[in-house]
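Okay, data39.cif now, which holds mmCIF, C-alpha atoms:
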data_final
#
loop_
_atom_site.label_atom_id
_atom_site.label_comp_id
_atom_site.auth_asym_id
_atom_site.auth_seq_id
_atom_site.Cartn_x
_atom_site.Cartn_y
_atom_site.Cartn_z
CA MET A 728 89.74 89.48 119.98
CA PHE A 729 91.89 88.95 116.89
CA TYR A 730 91.87 92.70 116.28
CA SER A 731 93.14 93.47 119.77
CA PHE A 732 95.80 90.76 119.64
CA PHE A 733 97.15 91.24 116.12
CA ALA A 734 96.34 94.76 114.91
CA ASN A 735 97.38 96.52 118.11
CA ASN A 736 100.61 94.54 118.20
CA ALA A 737 101.56 94.98 114.55
CA ILE A 738 105.07 96.38 114.40
CA SER A 739 104.86 97.64 110.80
CA ASN A 740 102.48 98.30 107.95
CA ILE A 741 103.45 95.04 106.30
CA GLY A 742 103.15 91.45 107.41
CA PHE A 743 100.37 89.15 108.55
CA GLU A 744 99.43 91.14 111.65
CA ASN A 745 98.69 94.23 109.60
CA LEU A 746 95.88 92.41 107.76
CA PHE A 747 93.75 92.64 110.90
CA ARG A 748 93.65 96.42 110.55
CA TYR A 749 91.61 96.05 107.36
CA VAL A 750 87.83 95.93 107.70
CA SER A 751 87.47 93.93 104.48
CA PHE A 752 89.81 91.18 105.72
CA ARG A 753 88.08 90.92 109.09
CA ALA A 754 84.63 90.93 107.43
CA GLY A 755 85.64 88.02 105.23
CA GLY A 756 87.05 86.20 108.24
CA ALA A 757 83.87 86.80 110.23
CA LEU A 758 81.63 85.51 107.45
CA LEU A 759 83.69 82.37 106.88
CA THR A 760 84.04 81.69 110.61
CA ALA A 761 80.29 81.91 111.27
CA PHE A 762 79.48 79.83 108.19
CA LEU A 763 81.99 77.03 108.83
CA LEU A 764 81.15 76.79 112.54
CA SER A 765 77.46 76.55 111.64
CA ILE A 766 78.16 73.70 109.22
CA ILE A 767 80.37 71.89 111.73
CA LEU A 768 78.08 72.31 114.74
CA GLY A 769 74.72 72.31 112.98
CA ASN A 770 73.94 68.62 113.48
CA PHE A 771 74.90 68.89 117.15
CA PHE A 772 72.40 71.75 117.62
CA ILE A 773 69.70 69.83 115.76
CA LYS A 774 70.15 66.75 117.98
CA LYS A 775 70.13 68.84 121.16
CA LEU A 776 67.07 70.84 120.15
CA SER A 777 65.28 67.65 119.09
CA SER A 778 65.89 66.20 122.55
CA ILE A 779 64.19 69.18 124.23
CA SER A 780 60.85 68.16 122.75
CA LYS A 781 60.33 65.05 120.67
CA LYS A 782 57.11 66.63 119.32
CA GLY A 783 59.10 69.50 117.80
CA GLN A 784 57.58 72.71 116.45
CA PRO A 785 53.83 72.97 117.21
CA ILE A 786 52.01 73.57 113.92
CA ARG A 787 48.72 75.43 113.79
CA GLU A 788 45.72 73.15 113.56
CA LYS A 789 43.89 72.45 110.32
CA GLY A 790 41.84 75.45 109.28
CA TYR A 791 44.37 77.96 110.62
CA GLY A 792 47.16 77.33 108.16
CA PRO A 793 47.93 75.51 104.90
CA GLU A 794 47.35 71.78 105.30
CA SER A 795 50.71 71.13 103.64
CA HIS A 796 52.40 72.49 106.77
CA LEU A 797 50.98 69.74 108.97
CA LYS A 798 53.63 67.35 107.63
CA LYS A 799 56.28 69.66 109.15
CA THR A 800 55.09 68.75 112.65
CA GLY A 801 57.99 67.40 114.67
CA THR A 802 60.72 69.51 113.06
CA PRO A 803 62.92 70.90 115.85
CA THR A 804 62.61 74.62 116.43
CA MET A 805 64.66 77.30 118.26
CA GLY A 806 67.28 77.05 115.51
CA GLY A 807 67.85 80.74 116.11
CA LEU A 808 70.19 79.57 118.86
CA LEU A 809 72.50 78.24 116.16
CA ILE A 810 72.38 81.55 114.27
CA VAL A 811 72.93 83.73 117.33
CA SER A 812 75.65 81.48 118.78
CA MET A 813 77.73 81.42 115.60
CA PHE A 814 77.13 85.14 115.08
CA THR A 815 78.34 85.83 118.61
CA ILE A 816 81.50 83.74 118.38
CA SER A 817 82.44 85.26 115.03
CA THR A 818 81.70 88.81 116.19
CA LEU A 819 83.80 88.40 119.33
CA LEU A 820 86.69 87.00 117.33
CA TRP A 821 86.83 89.53 114.51
CA THR A 822 85.53 92.91 115.73
CA ASN A 823 87.14 95.68 117.73
CA LEU A 824 85.54 94.96 121.08
CA SER A 825 86.13 98.50 122.31
CA ASN A 826 83.52 99.70 119.80
CA ALA A 827 80.22 100.55 121.53
CA PHE A 828 78.15 99.91 118.40
CA VAL A 829 79.20 96.25 118.39
CA TRP A 830 77.92 95.72 121.92
CA ILE A 831 74.66 97.58 121.26
CA ILE A 832 73.83 95.34 118.31
CA MET A 833 74.78 92.25 120.29
CA LEU A 834 72.54 93.44 123.14
CA LEU A 835 69.59 93.85 120.78
CA VAL A 836 70.21 90.46 119.17
CA PHE A 837 70.58 88.71 122.56
CA SER A 838 67.59 90.37 124.20
CA PHE A 839 65.18 89.67 121.34
CA CYS A 840 66.62 86.17 121.03
CA PHE A 841 65.69 85.73 124.71
CA VAL A 842 62.11 86.89 124.06
CA GLY A 843 61.83 84.51 121.12
CA PHE A 844 63.40 81.63 123.06
CA PHE A 845 60.97 82.17 125.94
CA ASP A 846 58.08 82.15 123.47
CA ASP A 847 59.34 79.03 121.65
CA PHE A 848 60.04 77.20 124.91
CA MET A 849 56.53 77.89 126.19
CA LYS A 850 55.10 76.62 122.90
CA LEU A 851 57.02 73.37 123.30
CA LYS A 852 56.12 73.04 126.96
CA LYS A 853 52.40 73.57 126.36
CA ASN A 854 52.42 72.08 122.84
CA ASP A 855 50.58 75.20 121.73
CA ALA A 856 51.47 77.47 118.81
CA TYR A 857 50.18 80.48 120.80
CA ALA A 858 51.66 79.86 124.27
CA LEU A 859 53.04 83.28 125.23
CA SER A 860 50.50 86.07 125.64
CA LYS A 861 50.78 89.00 123.25
CA ARG A 862 50.83 91.40 126.20
CA THR A 863 53.82 89.73 127.87
CA ARG A 864 55.70 89.58 124.60
CA ILE A 865 55.13 93.22 123.64
CA ILE A 866 56.13 94.41 127.13
CA LEU A 867 59.43 92.54 126.90
CA GLU A 868 60.03 93.86 123.40
CA LEU A 869 59.27 97.44 124.50
CA ILE A 870 61.73 97.19 127.40
CA PHE A 871 64.61 95.84 125.33
CA ALA A 872 63.93 98.09 122.33
CA THR A 873 63.88 101.16 124.60
CA ILE A 874 67.18 100.22 126.23
CA GLY A 875 68.80 99.64 122.85
CA SER A 876 67.45 102.90 121.42
CA LEU A 877 68.65 104.94 124.41
CA LEU A 878 72.13 103.46 124.05
CA ILE A 879 72.22 104.28 120.33
CA ILE A 880 71.19 107.88 121.03
CA GLU A 881 73.84 108.11 123.74
CA TYR A 882 76.73 106.80 121.63
CA LEU A 883 75.96 108.36 118.25
CA PRO A 884 78.44 111.23 117.77
CA PHE A 885 75.96 113.66 116.17
CA SER A 886 72.51 113.98 114.59
CA GLN A 887 71.18 111.55 117.16
CA THR A 888 67.58 112.61 116.64
CA THR A 889 67.68 113.35 112.91
CA ILE A 890 65.89 111.20 110.35
CA PHE A 891 67.54 111.23 106.92
CA PHE A 892 65.63 110.56 103.70
CA PRO A 893 67.20 108.32 101.03
CA PHE A 894 67.92 109.63 97.52
CA PHE A 895 68.22 113.24 98.80
CA LYS A 896 71.47 114.95 99.82
CA ASN A 897 70.03 117.55 102.17
CA LEU A 898 66.55 116.31 103.08
CA SER A 899 66.25 115.42 106.74
CA LEU A 900 63.97 115.90 109.73
CA THR A 901 65.24 116.68 113.22
CA VAL A 902 62.79 115.88 116.01
CA HIS A 903 62.73 116.04 119.80
CA TRP A 904 64.69 113.22 121.40
CA SER A 905 61.54 111.68 122.91
CA ILE A 906 59.90 111.50 119.47
CA PHE A 907 63.00 109.95 117.96
CA LEU A 908 63.16 107.47 120.84
CA ALA A 909 59.59 106.39 120.12
CA PHE A 910 60.44 106.16 116.41
CA ALA A 911 63.53 104.03 117.08
CA VAL A 912 61.61 101.71 119.41
CA PHE A 913 58.92 101.32 116.75
CA VAL A 914 61.52 100.50 114.07
CA ILE A 915 63.12 97.79 116.22
CA ILE A 916 59.87 96.14 117.27
CA ALA A 917 58.35 96.43 113.80
CA ALA A 918 61.43 94.91 112.13
CA ALA A 919 61.64 92.06 114.64
CA ASN A 920 57.99 91.11 114.21
CA ALA A 921 58.08 91.61 110.43
CA VAL A 922 60.85 89.02 110.11
CA ASN A 923 58.86 86.79 112.47
CA ILE A 924 55.74 87.07 110.29
CA THR A 925 57.78 86.24 107.18
CA ASP A 926 59.22 83.12 108.78
CA GLY A 927 56.66 80.69 107.45
CA LEU A 928 58.40 78.88 104.61
CA ASP A 929 61.68 76.97 104.58
CA GLY A 930 64.53 79.40 103.92
CA LEU A 931 62.36 82.48 103.29
CA SER A 932 63.35 84.60 106.30
CA SER A 933 67.00 83.56 106.05
CA LEU A 934 67.38 84.49 102.38
CA THR A 935 65.60 87.83 102.68
CA SER A 936 67.50 88.70 105.86
CA ILE A 937 70.81 88.00 104.12
CA ASN A 938 69.91 90.57 101.46
CA VAL A 939 69.15 93.23 104.08
CA TYR A 940 72.38 92.59 105.99
CA VAL A 941 74.35 92.78 102.74
CA VAL A 942 72.85 96.23 102.09
CA PHE A 943 73.85 97.49 105.52
CA LEU A 944 77.30 95.96 105.15
CA PHE A 945 77.90 98.35 102.23
CA PHE A 946 76.27 101.30 104.02
CA ALA A 947 78.41 100.72 107.11
CA TYR A 948 81.55 100.56 104.98
CA VAL A 949 80.75 103.88 103.28
CA MET A 950 79.71 105.74 106.42
CA GLY A 951 82.59 104.34 108.44
CA ARG A 952 85.15 105.88 106.07
CA PHE A 953 85.55 109.64 105.97
CA ASP A 954 86.71 109.74 102.34
CA TYR A 955 83.89 107.60 100.94
CA SER A 956 81.18 109.29 102.99
CA MET A 957 82.34 112.76 101.92
CA TYR A 958 82.57 111.73 98.26
CA LEU A 959 79.07 110.26 98.26
CA HIS A 960 77.66 113.12 100.38
CA PHE A 961 76.85 110.96 103.39
CA HIS A 962 77.34 111.70 107.05
CA HIS A 963 80.50 110.12 108.43
CA ILE A 964 79.93 107.98 111.53
CA PRO A 965 83.20 107.18 113.33
CA GLY A 966 83.26 103.55 114.39
CA ALA A 967 80.54 102.45 111.95
CA SER A 968 83.07 100.35 110.04
CA GLU A 969 82.86 97.69 112.73
CA LEU A 970 79.25 97.12 111.71
CA VAL A 971 80.62 95.75 108.44
CA ILE A 972 82.12 92.87 110.43
CA VAL A 973 78.95 92.51 112.52
CA SER A 974 76.83 92.29 109.35
CA ALA A 975 79.25 89.83 107.75
CA ALA A 976 79.13 87.60 110.84
CA MET A 977 75.33 87.50 110.67
CA ILE A 978 75.42 86.76 106.93
CA GLY A 979 77.80 83.86 107.52
CA ALA A 980 75.63 82.49 110.34
CA LEU A 981 72.54 82.71 108.12
CA PHE A 982 74.26 80.92 105.24
CA GLY A 983 75.26 78.18 107.66
CA PHE A 984 71.73 77.94 109.02
CA LEU A 985 70.34 77.73 105.47
CA TRP A 986 72.43 74.59 105.01
CA PHE A 987 69.97 72.87 107.33
CA ASN A 988 66.89 75.07 106.83
CA CYS A 989 66.43 74.78 103.04
CA LYS A 990 63.49 72.61 102.01
CA PRO A 991 62.90 70.12 103.48
CA ALA A 992 64.00 71.91 106.65
CA GLN A 993 65.83 69.91 109.30
CA ILE A 994 65.36 72.77 111.75
CA PHE A 995 63.29 75.95 112.12
CA MET A 996 64.73 79.22 113.42
CA GLY A 997 61.57 79.87 115.43
CA ASP A 998 60.87 83.15 117.17
CA THR A 999 64.29 82.69 118.75
CA GLY A 1000 65.93 83.50 115.43
CA SER A 1001 63.42 85.71 113.63
CA LEU A 1002 63.06 88.27 116.43
CA ALA A 1003 66.84 88.44 116.89
CA LEU A 1004 67.43 88.93 113.15
CA GLY A 1005 64.93 91.77 112.90
CA ALA A 1006 66.18 93.56 116.01
CA GLY A 1007 69.78 93.32 114.78
CA MET A 1008 69.11 94.78 111.34
CA ALA A 1009 66.94 97.54 112.86
CA GLY A 1010 69.68 98.48 115.32
CA ILE A 1011 72.24 98.76 112.52
CA ALA A 1012 69.81 100.87 110.46
CA ILE A 1013 69.28 103.30 113.35
CA ILE A 1014 73.00 103.64 114.04
CA LEU A 1015 73.64 104.34 110.35
CA LYS A 1016 70.76 106.85 110.25
CA SER A 1017 69.25 104.71 107.49
CA GLU A 1018 65.95 103.67 109.02
CA LEU A 1019 64.03 104.35 105.81
CA ILE A 1020 66.54 102.28 103.83
CA LEU A 1021 65.49 99.35 106.01
CA ALA A 1022 61.94 99.66 104.66
CA ILE A 1023 63.27 99.52 101.08
CA ALA A 1024 65.81 96.73 101.51
CA GLY A 1025 63.32 94.81 103.66
CA PHE A 1026 60.41 95.26 101.25
CA ILE A 1027 59.38 91.60 101.55
CA PHE A 1028 59.09 92.01 105.33
CA VAL A 1029 57.00 95.14 104.84
CA ALA A 1030 54.74 93.44 102.29
CA GLU A 1031 54.22 90.39 104.50
CA THR A 1032 53.34 92.56 107.51
CA LEU A 1033 50.99 94.79 105.52
CA SER A 1034 49.19 91.77 104.09
CA SER A 1035 48.51 90.51 107.62
CA ALA A 1036 47.35 93.95 108.77
CA ILE A 1037 45.06 94.38 105.75
CA GLN A 1038 43.57 90.93 106.29
CA ILE A 1039 42.84 91.59 109.96
CA ILE A 1040 41.27 95.02 109.30
CA SER A 1041 39.18 93.67 106.43
CA LEU A 1042 37.87 90.76 108.48
CA ARG A 1043 37.04 92.92 111.49
CA LYS A 1044 35.46 95.80 109.57
CA PHE A 1045 33.85 94.07 106.59
CA ASN A 1046 33.97 90.37 107.50
CA LYS A 1047 35.69 89.73 104.18
CA LYS A 1048 39.09 88.31 103.23
CA VAL A 1049 41.39 90.22 100.91
CA PHE A 1050 43.79 87.28 100.67
CA LEU A 1051 43.07 83.56 100.79
CA MET A 1052 45.29 83.55 103.86
CA ALA A 1053 47.74 85.96 105.43
CA PRO A 1054 50.62 86.61 105.49
CA LEU A 1055 51.18 86.89 101.75
CA HIS A 1056 53.23 83.72 101.25
CA HIS A 1057 50.30 81.62 102.51
CA HIS A 1058 48.04 83.27 99.93
CA PHE A 1059 50.24 81.99 97.13
CA GLU A 1060 50.46 78.56 98.77
CA LEU A 1061 46.67 78.23 98.75
CA LYS A 1062 46.65 79.29 95.09
CA GLY A 1063 48.66 76.12 94.42
CA MET A 1064 52.14 77.56 93.99
CA PRO A 1065 54.91 75.21 95.26
CA GLU A 1066 56.74 76.35 98.38
CA THR A 1067 60.15 76.43 96.72
CA LYS A 1068 58.82 78.61 93.89
CA ILE A 1069 57.32 81.09 96.38
CA VAL A 1070 60.60 81.30 98.32
CA PHE A 1071 62.67 81.74 95.17
CA ARG A 1072 60.39 84.44 93.73
CA PHE A 1073 60.19 86.34 97.01
CA TRP A 1074 63.98 86.13 97.23
CA MET A 1075 64.32 87.57 93.71
CA VAL A 1076 62.02 90.47 94.61
CA SER A 1077 64.07 90.97 97.77
CA ILE A 1078 67.27 91.18 95.70
CA LEU A 1079 65.65 93.77 93.44
CA PHE A 1080 64.73 96.01 96.37
CA ALA A 1081 68.13 95.47 97.95
CA LEU A 1082 69.68 96.80 94.74
CA ILE A 1083 67.31 99.79 94.83
CA ALA A 1084 68.41 100.47 98.40
CA LEU A 1085 72.08 100.22 97.39
CA SER A 1086 71.50 102.60 94.49
CA SER A 1087 70.70 105.32 97.04
CA LEU A 1088 74.41 105.37 97.85
CA LYS A 1089 74.99 107.05 94.50
CA ILE A 1090 71.61 108.49 93.48
CA ARG A 1091 71.36 111.53 95.72
#
Reformat the file's structure so that it appears as structure tokens.
Amino acid sequence: MFYSFFANNAISNIGFENLFRYVSFRAGGALLTAFLLSIILGNFFIKKLSSISKKGQPIREKGYGPESHLKKTGTPTMGGLLIVSMFTISTLLWTNLSNAFVWIIMLLVFSFCFVGFFDDFMKLKKNDAYALSKRTRIILELIFATIGSLLIIEYLPFSQTTIFFPFFKNLSLTVHWSIFLAFAVFVIIAAANAVNITDGLDGLSSLTSINVYVVFLFFAYVMGRFDYSMYLHFHHIPGASELVIVSAAMIGALFGFLWFNCKPAQIFMGDTGSLALGAGMAGIAIILKSELILAIAGFIFVAETLSSAIQIISLRKFNKKVFLMAPLHHHFELKGMPETKIVFRFWMVSILFALIALSSLKIR
């Protein structure tokens, strides 16, 4: 909105209006807008969400989760609505709305937010932590992920079905469009549910998600500029620069949400937020042809998901536990580590892998 009004009406290359032509200026504006709106409207969202159900977030019964989590019963959930709302307002204000990539990411965020909201609402209605059937949820996720993937393939200017490998200049794999479609759908659903699995401690998903979006902010900036992409031997993707603003808007919304979600949390993001966050970062990764970078930058999400998978397989095949409890953060909780220490250490590991992912911009 601001871009259309100011940048397109700038009469010279100097003056206030010309600032809106710069991606860096609009990214900063998007981040600050989302953050400040979240701080201003956060308490309003908390009160409204608390009024939906006075019982708040259903917590798994004793024996199915750390006992320390039982004291969190009653904390309002669906805080993802705050994240997505502030992200949306900021994105609409600061991006070039004629850019197809912006709308594709917003579609993925909205659609997976809807799935998560439906799941959270059913949990509150039935006062059950497992209200929505897995079959219904996966069907909805498959539908929305397929639509988003098809749109990405349609609007990418070239190499739509090519998978690029990080740290190599010329190593890539081109596959049939149907195989790439299946791959893209898998990436979106896997990322969405990985963030959801990680969302078990106050601030954990928010902090790790911020790191991933920061990585893709830099990748989008490089690939959106012809000179930088050529210098660093990356493929140039016209229009990708707008994803810098999209990423910045999400980072700002997450910082604002953290204001209320840090321990002790006043609100949980719920599936409403976690599914939307994962789908958004996966969509950006696919557009930037950096799907494998997502696995590096999102190492904590990968580790949390693998720990759950390993635990399930081990219990079913050998009737033995590998971890005291899965996902991984619960294992450390049961070993007696304080929640804040787990979050901080996981966040530090996340920063390390984010830096490794960023190093692939130069190490090629």
Expansion of the PyMOL selection byres ((chain A and resi 833) around 12) into residues, as an mmCIF file with C-alpha atoms, keeping the file's coordinate frame:
data_model
loop_
_atom_site.group_PDB
_atom_site.id
_atom_site.type_symbol
_atom_site.label_atom_id
_atom_site.label_comp_id
_atom_site.auth_asym_id
_atom_site.auth_seq_id
_atom_site.Cartn_x
_atom_site.Cartn_y
_atom_site.Cartn_z
ATOM 1 C CA VAL A 811 72.930 83.730 117.330
ATOM 2 C CA SER A 812 75.650 81.480 118.780
ATOM 3 C CA PHE A 814 77.130 85.140 115.080
ATOM 4 C CA THR A 815 78.340 85.830 118.610
ATOM 5 C CA ILE A 816 81.500 83.740 118.380
ATOM 6 C CA SER A 817 82.440 85.260 115.030
ATOM 7 C CA THR A 818 81.700 88.810 116.190
ATOM 8 C CA LEU A 819 83.800 88.400 119.330
ATOM 9 C CA THR A 822 85.530 92.910 115.730
ATOM 10 C CA LEU A 824 85.540 94.960 121.080
ATOM 11 C CA ASN A 826 83.520 99.700 119.800
ATOM 12 C CA ALA A 827 80.220 100.550 121.530
ATOM 13 C CA PHE A 828 78.150 99.910 118.400
ATOM 14 C CA VAL A 829 79.200 96.250 118.390
ATOM 15 C CA TRP A 830 77.920 95.720 121.920
ATOM 16 C CA ILE A 831 74.660 97.580 121.260
ATOM 17 C CA ILE A 832 73.830 95.340 118.310
ATOM 18 C CA LEU A 834 72.540 93.440 123.140
ATOM 19 C CA LEU A 835 69.590 93.850 120.780
ATOM 20 C CA VAL A 836 70.210 90.460 119.170
ATOM 21 C CA PHE A 837 70.580 88.710 122.560
ATOM 22 C CA SER A 838 67.590 90.370 124.200
ATOM 23 C CA PHE A 839 65.180 89.670 121.340
ATOM 24 C CA CYS A 840 66.620 86.170 121.030
ATOM 25 C CA PHE A 871 64.610 95.840 125.330
ATOM 26 C CA GLY A 875 68.800 99.640 122.850
ATOM 27 C CA LEU A 970 79.250 97.120 111.710
ATOM 28 C CA VAL A 973 78.950 92.510 112.520
ATOM 29 C CA SER A 974 76.830 92.290 109.350
ATOM 30 C CA ALA A 976 79.130 87.600 110.840
ATOM 31 C CA MET A 977 75.330 87.500 110.670
ATOM 32 C CA ALA A 1003 66.840 88.440 116.890
ATOM 33 C CA LEU A 1004 67.430 88.930 113.150
ATOM 34 C CA ALA A 1006 66.180 93.560 116.010
ATOM 35 C CA GLY A 1007 69.780 93.320 114.780
ATOM 36 C CA MET A 1008 69.110 94.780 111.340
ATOM 37 C CA GLY A 1010 69.680 98.480 115.320
ATOM 38 C CA ILE A 1011 72.240 98.760 112.520
#
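The residue that comes closest to Phe891 (chain A), out of A:Glu1018, A:Asn770, A:Lys990, A:Gly807 and on the basis of only C-alpha atoms, is A:Glu1018.
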Can you build me a table of region 848-915 of chain A residues sitting at most 10 Å from region 942-964 of chain A, with the closest atom pair per residue and its distance in Å to one decimal, using all atoms listed in the file, sorted by chain and residue number, as a Markdown table?
| residue | atom | partner | partner_atom | distance |
| --- | --- | --- | --- | --- |
| A:Leu883 | CA | A:Ile964 | CA | 7.8 |
| A:Pro884 | CA | A:Ile964 | CA | 7.2 |
| A:Phe885 | CA | A:Ile964 | CA | 8.3 |
| A:Ser886 | CA | A:His962 | CA | 9.2 |
| A:Phe891 | CA | A:His962 | CA | 9.8 |
| A:Phe895 | CA | A:His960 | CA | 9.6 |
| A:Lys896 | CA | A:His960 | CA | 6.5 |
| A:Asn897 | CA | A:His960 | CA | 9.0 |
Could you write out that same residue set with C-alpha atoms as a PDB file, in the frame of the given file?
ATOM      1  CA  LEU A 883      75.960 108.360 118.250  1.00  0.00           C
ATOM      2  CA  PRO A 884      78.440 111.230 117.770  1.00  0.00           C
ATOM      3  CA  PHE A 885      75.960 113.660 116.170  1.00  0.00           C
ATOM      4  CA  SER A 886      72.510 113.980 114.590  1.00  0.00           C
ATOM      5  CA  PHE A 891      67.540 111.230 106.920  1.00  0.00           C
ATOM      6  CA  PHE A 895      68.220 113.240  98.800  1.00  0.00           C
ATOM      7  CA  LYS A 896      71.470 114.950  99.820  1.00  0.00           C
ATOM      8  CA  ASN A 897      70.030 117.550 102.170  1.00  0.00           C
TER       9      ASN A 897
END
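Interatomic distance, CA of Ile1027 (chain A) against CA of Leu1088 (chain A): 20.7 Å.
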List the residues selected by the PyMOL selection byres ((chain A and resi 1048) around 12) in the file shown, writing them as a PyMOL selection string. chain A and resi 1034-1047+1049-1054+1058
With the cut-off set at 7 Å and counting all atoms listed in the file, tabulate each residue of region 931-978 of chain A with an atom at most that distance from an atom of region 747-768 of chain A, showing the nearest atom pair and its distance in Å to one decimal, ordered by chain and increasing number, as JSON lines.
{"residue": "A:Ser968", "atom": "CA", "partner": "A:Val750", "partner_atom": "CA", "distance": 6.9}
{"residue": "A:Val971", "atom": "CA", "partner": "A:Ala754", "partner_atom": "CA", "distance": 6.4}
{"residue": "A:Ile972", "atom": "CA", "partner": "A:Ala754", "partner_atom": "CA", "distance": 4.4}
{"residue": "A:Ala975", "atom": "CA", "partner": "A:Leu758", "partner_atom": "CA", "distance": 4.9}
{"residue": "A:Ala976", "atom": "CA", "partner": "A:Leu758", "partner_atom": "CA", "distance": 4.7}
{"residue": "A:Ile978", "atom": "CA", "partner": "A:Leu758", "partner_atom": "CA", "distance": 6.4}
Give me a file of those residues, with C-alpha atoms, as a PDB file, in the coordinates of the input.
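Contents of the output file again-v1.pdb:
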ATOM      1  CA  SER A 968      83.070 100.350 110.040  1.00  0.00           C
ATOM      2  CA  VAL A 971      80.620  95.750 108.440  1.00  0.00           C
ATOM      3  CA  ILE A 972      82.120  92.870 110.430  1.00  0.00           C
ATOM      4  CA  ALA A 975      79.250  89.830 107.750  1.00  0.00           C
ATOM      5  CA  ALA A 976      79.130  87.600 110.840  1.00  0.00           C
ATOM      6  CA  ILE A 978      75.420  86.760 106.930  1.00  0.00           C
TER       7      ILE A 978
END
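The set of residues that the PyMOL selection byres ((chain A and resi 916) around 10) takes from this file is Phe839, Ile865, Glu868, Leu869, Phe871, Ala872, Thr873, Ala911, Val912, Phe913, Val914, Ile915, Ala917, Ala918, Ala919, Asn920, Ala921, Leu1002, Gly1005, Ala1006 and Ala1009 of chain A.
Residues in contact with Cys989 (chain A) at 12 Å, where only C-alpha atoms are counted and same-chain residues fewer than 2 positions away are skipped, are listed as Leu928, Asp929, Gly930, Leu931, Ser932, Ser933, Leu934, Leu981, Phe982, Gly983, Phe984, Leu985, Trp986, Phe987, Pro991, Ala992, Gln993, Ile994, Phe995, Met996, Glu1066, Thr1067, Val1070 and Phe1071 of chain A.
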Computed gap from CA of Lys775 (chain A) to CA of Leu851 (chain A) is 14.0 Å
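Of note, CA of Ser825 (chain A) and CA of Phe841 (chain A) are spaced 24.2 Å apart.
Among the candidates A:Ala967, A:Asn745, A:Phe848, A:Gly806, the one nearest to Ile779 (chain A) when counting only C-alpha atoms is A:Phe848.
Using only C-alpha atoms, the nearest neighbour of Asn923 (chain A) within the list A:Val1076, A:Leu1021, A:Leu809, A:Val1029 is A:Val1029.
Using all atoms listed in the file for every distance, the candidate list A:Ile1078, A:Ala980, A:Ser1001, A:Thr925 yields A:Thr925 as the residue closest to Leu1033 (chain A).
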